[in-house]
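K.L.:
Sending over a structure as structure tokens; questions will come in a sec.
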Amino acid sequence: MPDPTPETTDSETTGTVSTGTVTDASPIVAEPIRPGVPKVDPILIADGVVRHFGGNVAVDVAHVEVPRGKITALIGPNGAGKTTFFNLLTGFDKPNSGAWTFQGHSLAGVPPHKVARRGMVRTFQLTKSLGLLSVLENMRLGATKQLGERFIPSLMPFLWSAQEKAITEKAMELLARFKLDAKADDYAASLSGGQRKLLEMARALMSDPTLVMLDEPMAGVNPALTQSLLGHILNLKREGMTVLFVEHDMHMVQTIADWVIVMAEGKVVAEGYPREVMGDPAVIDAYLGAHHDTDLGTLTGQLAVAEEVGVSGDLIEQIEGEIEAEPNLAAEPANESAVELEEEEAPGGASVDEPEEGEK
Ligand SMILES: Nc1ncnc2c1ncn2[C@@H]1O[C@H](COP(=O)(O)OP(=O)(O)OP(=O)(O)O)[C@@H](O)[C@H]1O
Ligand SMILES: [Mg+2]
């Protein structure tokens with residue numbers, strides 16, 4: 001299993017980037033790394049969460065903790081139970097048994113809209129945007145605590161209309177950030193698969209979440225837009241949010257994750273820093289298959305993505321500072337694989353998306 005005190009080199013051990021309540025320099029664990037290892041500052045803690053479908057045990061998580069203010073990747077083979085676990089944690093499905101807390105408060109039995117109000121939002125493996133509503137209307141649905149939906153405040157239209165205006169302004173700001181503002185009045189159905197993924201992420205941010213859970217945000221998205229999605233996910237962390245995302249592409253995981261949790265057959269079978277987890281032959285052989293061997297380097301990968309997306313100069317300087325502060329990393333080769341990928345598969349930087357896989 002991975003060494004509990006990795007000599008790497010990613011943002012866990014260097015840098016002074018402030019991300020809300022924690023910094024990138026803050027350690028994730030203080031104990032030997034093992035499945036279920038306690039986190040120094042967990043935001044989400046799950047215990048004994050079990051979900052059967054008939055005789056099939058889809059989820060059987062004994063104990064897992066998600067670190068606050070970090071980007072955690074949840075990986076594992078098809079059918080490992082990742083989506084089902086997301087569904088359970090966010091109230092879209094009910095477990096046979098188990099308990100979990102978010103920010104110290106139990107969420108078991110709490111319905112999805114209340115989970116969102118408490119600051120935990122998720123996106124879906126297959127996008128759930130409502131095609132016959134406009135992009136802006138989809139965004140407005142993401143706002144929680146809408147006064148106009150409640151009886152007493154709805155009798156006071158001045159309150160209601162002020163809030164409507166604020167919600168619309170916020171939606172337009174977010175759409176601009178995701179480069180969807182020009183499409184605000186278009187039907188969501190007219191968006192490409194990748195744009196719908198962006199819309200889902202933007203909509204999730206309407207509720208000012210603390211924890212953002214993304215189920216395969218990159219699936220079916222063309223490589224040019226993938227870089228943009230990665231940049232947006234990095235930005236969530238920089239703004240102080242915690243991210244938990246499911247992803248099959250190990251390059252993506254290496255590029256942006258601070259921590260990796262591996263699920264197989266419903267259980268958490270491994271976790272650790274990306275380099276250690278992806279370098280563990282037992283994990284690779286059993287669960288990840290062949291596409292694991294290119295180490296992009298977390299920080300160098302982040303830099304490439306940040307520059308690509310054109311995030312603020314401050315952020316790029318912060319990442320560069322982190323790389324300089326770490327001599328081993330500064331010597332690493334640049335993130336060539338990601339660039340190659342883009343050049344090969346997206347000639348001319350076209351932003352047309354590949355068709356999405358079938359609904360699930
Ligand atoms: N509603 C359901 N009814 C019956 N079985 C289900 C249901 N949802 C999921 N399962 C089963 O539970 C197991 C876990 O599925 P899940 O979709 O959570 O896996 P996953 O890790 O998200 O896989 P993928 O990487 O393919 O998205 C699978 O065996 C799946 O067939
Ligand atoms: Mg899934």
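Letters A, B, ... mark the chains of the structure tokens in the order given; residue numbers begin at 1 per chain; ligand numbers begin at 1, in order shown.
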Around ligand 2, at most 10 Å away and counting only C-alpha atoms and all ligand atoms, which residues are there? Put them as a list of chain:residue names, please.
P.N.:
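After applying the 10 Å limit, what remains is A:Ile75, A:Gly76, A:Pro77, A:Asn78, A:Gly79, A:Ala80, A:Gly81, A:Lys82, A:Thr83, A:Thr84, A:Phe85, A:Phe86, A:Asn87, A:Phe124, A:Gln125, A:Leu126, A:Asp215, A:Glu216, A:Val246, A:Glu247, A:His248, A:Lys360.
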K.L.:
Would you write out those residues with N, CA and C atoms, as an mmCIF file, in the first residue's frame?
P.N.:
data_model
loop_
_atom_site.group_PDB
_atom_site.id
_atom_site.type_symbol
_atom_site.label_atom_id
_atom_site.label_comp_id
_atom_site.auth_asym_id
_atom_site.auth_seq_id
_atom_site.Cartn_x
_atom_site.Cartn_y
_atom_site.Cartn_z
ATOM 1 N N ILE A 75 -12.545 6.617 -8.088
ATOM 2 C CA ILE A 75 -12.322 5.838 -9.299
ATOM 3 C C ILE A 75 -12.658 4.367 -9.038
ATOM 4 N N GLY A 76 -12.711 3.604 -10.119
ATOM 5 C CA GLY A 76 -12.998 2.181 -10.005
ATOM 6 C C GLY A 76 -13.678 1.700 -11.264
ATOM 7 N N PRO A 77 -13.691 0.387 -11.461
ATOM 8 C CA PRO A 77 -14.234 -0.155 -12.713
ATOM 9 C C PRO A 77 -15.740 0.069 -12.843
ATOM 10 N N ASN A 78 -16.256 -0.161 -14.029
ATOM 11 C CA ASN A 78 -17.700 -0.071 -14.253
ATOM 12 C C ASN A 78 -18.424 -0.975 -13.260
ATOM 13 N N GLY A 79 -19.508 -0.458 -12.720
ATOM 14 C CA GLY A 79 -20.309 -1.264 -11.800
ATOM 15 C C GLY A 79 -19.745 -1.328 -10.390
ATOM 16 N N ALA A 80 -18.712 -0.528 -10.102
ATOM 17 C CA ALA A 80 -18.078 -0.565 -8.773
ATOM 18 C C ALA A 80 -18.989 0.010 -7.688
ATOM 19 N N GLY A 81 -19.978 0.789 -8.107
ATOM 20 C CA GLY A 81 -20.897 1.367 -7.120
ATOM 21 C C GLY A 81 -20.701 2.858 -6.898
ATOM 22 N N LYS A 82 -19.922 3.501 -7.759
ATOM 23 C CA LYS A 82 -19.600 4.917 -7.574
ATOM 24 C C LYS A 82 -20.856 5.791 -7.679
ATOM 25 N N THR A 83 -21.617 5.589 -8.751
ATOM 26 C CA THR A 83 -22.830 6.404 -8.931
ATOM 27 C C THR A 83 -23.855 6.091 -7.847
ATOM 28 N N THR A 84 -23.986 4.828 -7.520
ATOM 29 C CA THR A 84 -24.941 4.468 -6.467
ATOM 30 C C THR A 84 -24.546 5.135 -5.151
ATOM 31 N N PHE A 85 -23.254 5.169 -4.865
ATOM 32 C CA PHE A 85 -22.774 5.826 -3.642
ATOM 33 C C PHE A 85 -23.121 7.322 -3.684
ATOM 34 N N PHE A 86 -22.893 7.955 -4.819
ATOM 35 C CA PHE A 86 -23.288 9.368 -4.989
ATOM 36 C C PHE A 86 -24.793 9.526 -4.724
ATOM 37 N N ASN A 87 -25.584 8.634 -5.335
ATOM 38 C CA ASN A 87 -27.043 8.732 -5.179
ATOM 39 C C ASN A 87 -27.444 8.648 -3.708
ATOM 40 N N PHE A 124 -24.877 14.811 -12.611
ATOM 41 C CA PHE A 124 -25.195 13.433 -12.974
ATOM 42 C C PHE A 124 -24.279 12.923 -14.077
ATOM 43 N N GLN A 125 -24.082 11.600 -14.044
ATOM 44 C CA GLN A 125 -23.247 10.953 -15.056
ATOM 45 C C GLN A 125 -23.810 11.273 -16.440
ATOM 46 N N LEU A 126 -25.122 11.226 -16.550
ATOM 47 C CA LEU A 126 -25.757 11.648 -17.794
ATOM 48 C C LEU A 126 -26.540 12.902 -17.487
ATOM 49 N N ASP A 215 -20.264 13.533 -11.209
ATOM 50 C CA ASP A 215 -20.214 12.138 -11.668
ATOM 51 C C ASP A 215 -19.812 12.113 -13.141
ATOM 52 N N GLU A 216 -18.574 11.779 -13.384
ATOM 53 C CA GLU A 216 -17.994 11.721 -14.727
ATOM 54 C C GLU A 216 -18.216 13.017 -15.515
ATOM 55 N N VAL A 246 -16.095 11.619 -9.915
ATOM 56 C CA VAL A 246 -15.909 10.268 -10.452
ATOM 57 C C VAL A 246 -15.304 10.400 -11.835
ATOM 58 N N GLU A 247 -14.266 9.639 -12.114
ATOM 59 C CA GLU A 247 -13.679 9.723 -13.449
ATOM 60 C C GLU A 247 -12.961 8.421 -13.798
ATOM 61 N N HIS A 248 -13.078 8.046 -15.069
ATOM 62 C CA HIS A 248 -12.380 6.843 -15.539
ATOM 63 C C HIS A 248 -11.020 7.174 -16.129
ATOM 64 N N LYS A 360 -28.358 6.658 -19.127
ATOM 65 C CA LYS A 360 -28.208 5.625 -18.119
ATOM 66 C C LYS A 360 -28.937 6.028 -16.857
#
K.L.:
My list of candidates is A:Leu141, A:Val40, A:Val110, A:Val268. Which is closest to Phe92 of chain A when distances are computed with only C-alpha atoms?
P.N.:
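Smallest distance to Phe92 of chain A is found for A:Val110.
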K.L.:
Tell me which protein, DNA and RNA residues are within 7 Å of segment 166-176 of chain A, counting only C-alpha atoms, leaving out same-chain ones fewer than 5 positions away, and put them as a PyMOL selection string.
P.N.:
chain A and resi 136+139-140+181+202+206
K.L.:
Restricting the calculation to only C-alpha atoms: of A:Gly48, A:Val59, A:Ala116, A:Thr72, which residue gets closest to Gly272 of chain A?
P.N.:
A:Thr72
K.L.:
Which of these residues is nearest to Gly98 of chain A, using only C-alpha atoms: A:Pro67, A:Asp47, A:His113, A:Asn138?
P.N.:
A:Asp47
K.L.:
Using only C-alpha atoms, which residue out of A:Ala62, A:Val115, A:Met120, A:Leu230 lies closest to His251 of chain A?
P.N.:
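With only C-alpha atoms as the atom set, the closest residue is A:Leu230.
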K.L.:
Once DSSP has gone over the backbone, tell me which residues of segment 73-307 of chain A are in helix (DSSP H, G or I), as a ChimeraX atom specification.
P.N.:
/A:82-89,112-117,135-141,147-149,151-154,157-177,181-183,188-190,193-205,223-238,250-256,274-278,281-288,298-307
K.L.:
Taking 4 positions as the minimum chain separation for residues in the same chain, which residues sit within 6 Å of Glu65 of chain A when counting only C-alpha atoms? Answer as an NGL selection string.
P.N.:
:A and (42 or 44-45)
K.L.:
Choose the residue, out of A:Pro274, A:Pro111, A:Gly194, A:Gly240, that has the smallest atom-to-atom separation from Val262 of chain A; count only C-alpha atoms.
P.N.:
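When distances to Val262 of chain A are compared using only C-alpha atoms, the smallest one comes from A:Pro274.
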K.L.:
Go through A:Asp258, A:Glu31, A:Asp93, A:Glu200 one by one, measure the shortest atom-to-atom distance of each to Val50 of chain A using only C-alpha atoms, and give the residue with the smallest value.
P.N.:
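Smallest distance to Val50 of chain A is found for A:Asp93.
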K.L.:
Give the strand (DSSP E or B) residues of segment 91-278 of chain A, as assigned by DSSP on the backbone, as a ChimeraX atom specification.
P.N.:
/A:97-102,105-106,120-122,134,187,211-215,242-246,259-264,267-272
K.L.:
List the spatial neighbours of Tyr187 of chain A as a list in words - criterion: any atom at most 8 Å away, only C-alpha atoms, same-chain residues fewer than 3 positions off excluded.
P.N.:
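The neighbour list is Gly131, Leu132, Leu133, Ser134, Val135, Ser190 and Leu191 of chain A.
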K.L.:
Can you write out the residues you just picked, keeping N, CA and C atoms, as a short mmCIF file (atom, residue, chain, number, x, y, z; two decimals), in the first residue's frame?
P.N.:
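Result file follows (out33.cif):
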data_model
loop_
_atom_site.label_atom_id
_atom_site.label_comp_id
_atom_site.auth_asym_id
_atom_site.auth_seq_id
_atom_site.Cartn_x
_atom_site.Cartn_y
_atom_site.Cartn_z
N GLY A 131 -34.25 19.92 -21.50
CA GLY A 131 -34.04 20.39 -22.86
C GLY A 131 -35.03 21.43 -23.34
N LEU A 132 -36.26 21.38 -22.84
CA LEU A 132 -37.27 22.31 -23.34
C LEU A 132 -37.37 23.57 -22.48
N LEU A 133 -36.46 23.70 -21.53
CA LEU A 133 -36.31 24.98 -20.84
C LEU A 133 -35.08 25.66 -21.42
N SER A 134 -35.06 26.98 -21.29
CA SER A 134 -33.88 27.69 -21.79
C SER A 134 -32.70 27.42 -20.86
N VAL A 135 -31.52 27.74 -21.35
CA VAL A 135 -30.31 27.60 -20.56
C VAL A 135 -30.45 28.42 -19.26
N SER A 190 -30.49 22.40 -27.33
CA SER A 190 -29.67 22.77 -28.48
C SER A 190 -28.17 22.76 -28.16
N LEU A 191 -27.84 22.56 -26.89
CA LEU A 191 -26.42 22.55 -26.52
C LEU A 191 -25.76 21.23 -26.91
#
K.L.:
Calculate how many Å separate atom CA of Leu244 of chain A from atom CA of Phe53 of chain A, rounding to one decimal.
P.N.:
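These atoms are spaced 24.3 Å apart.
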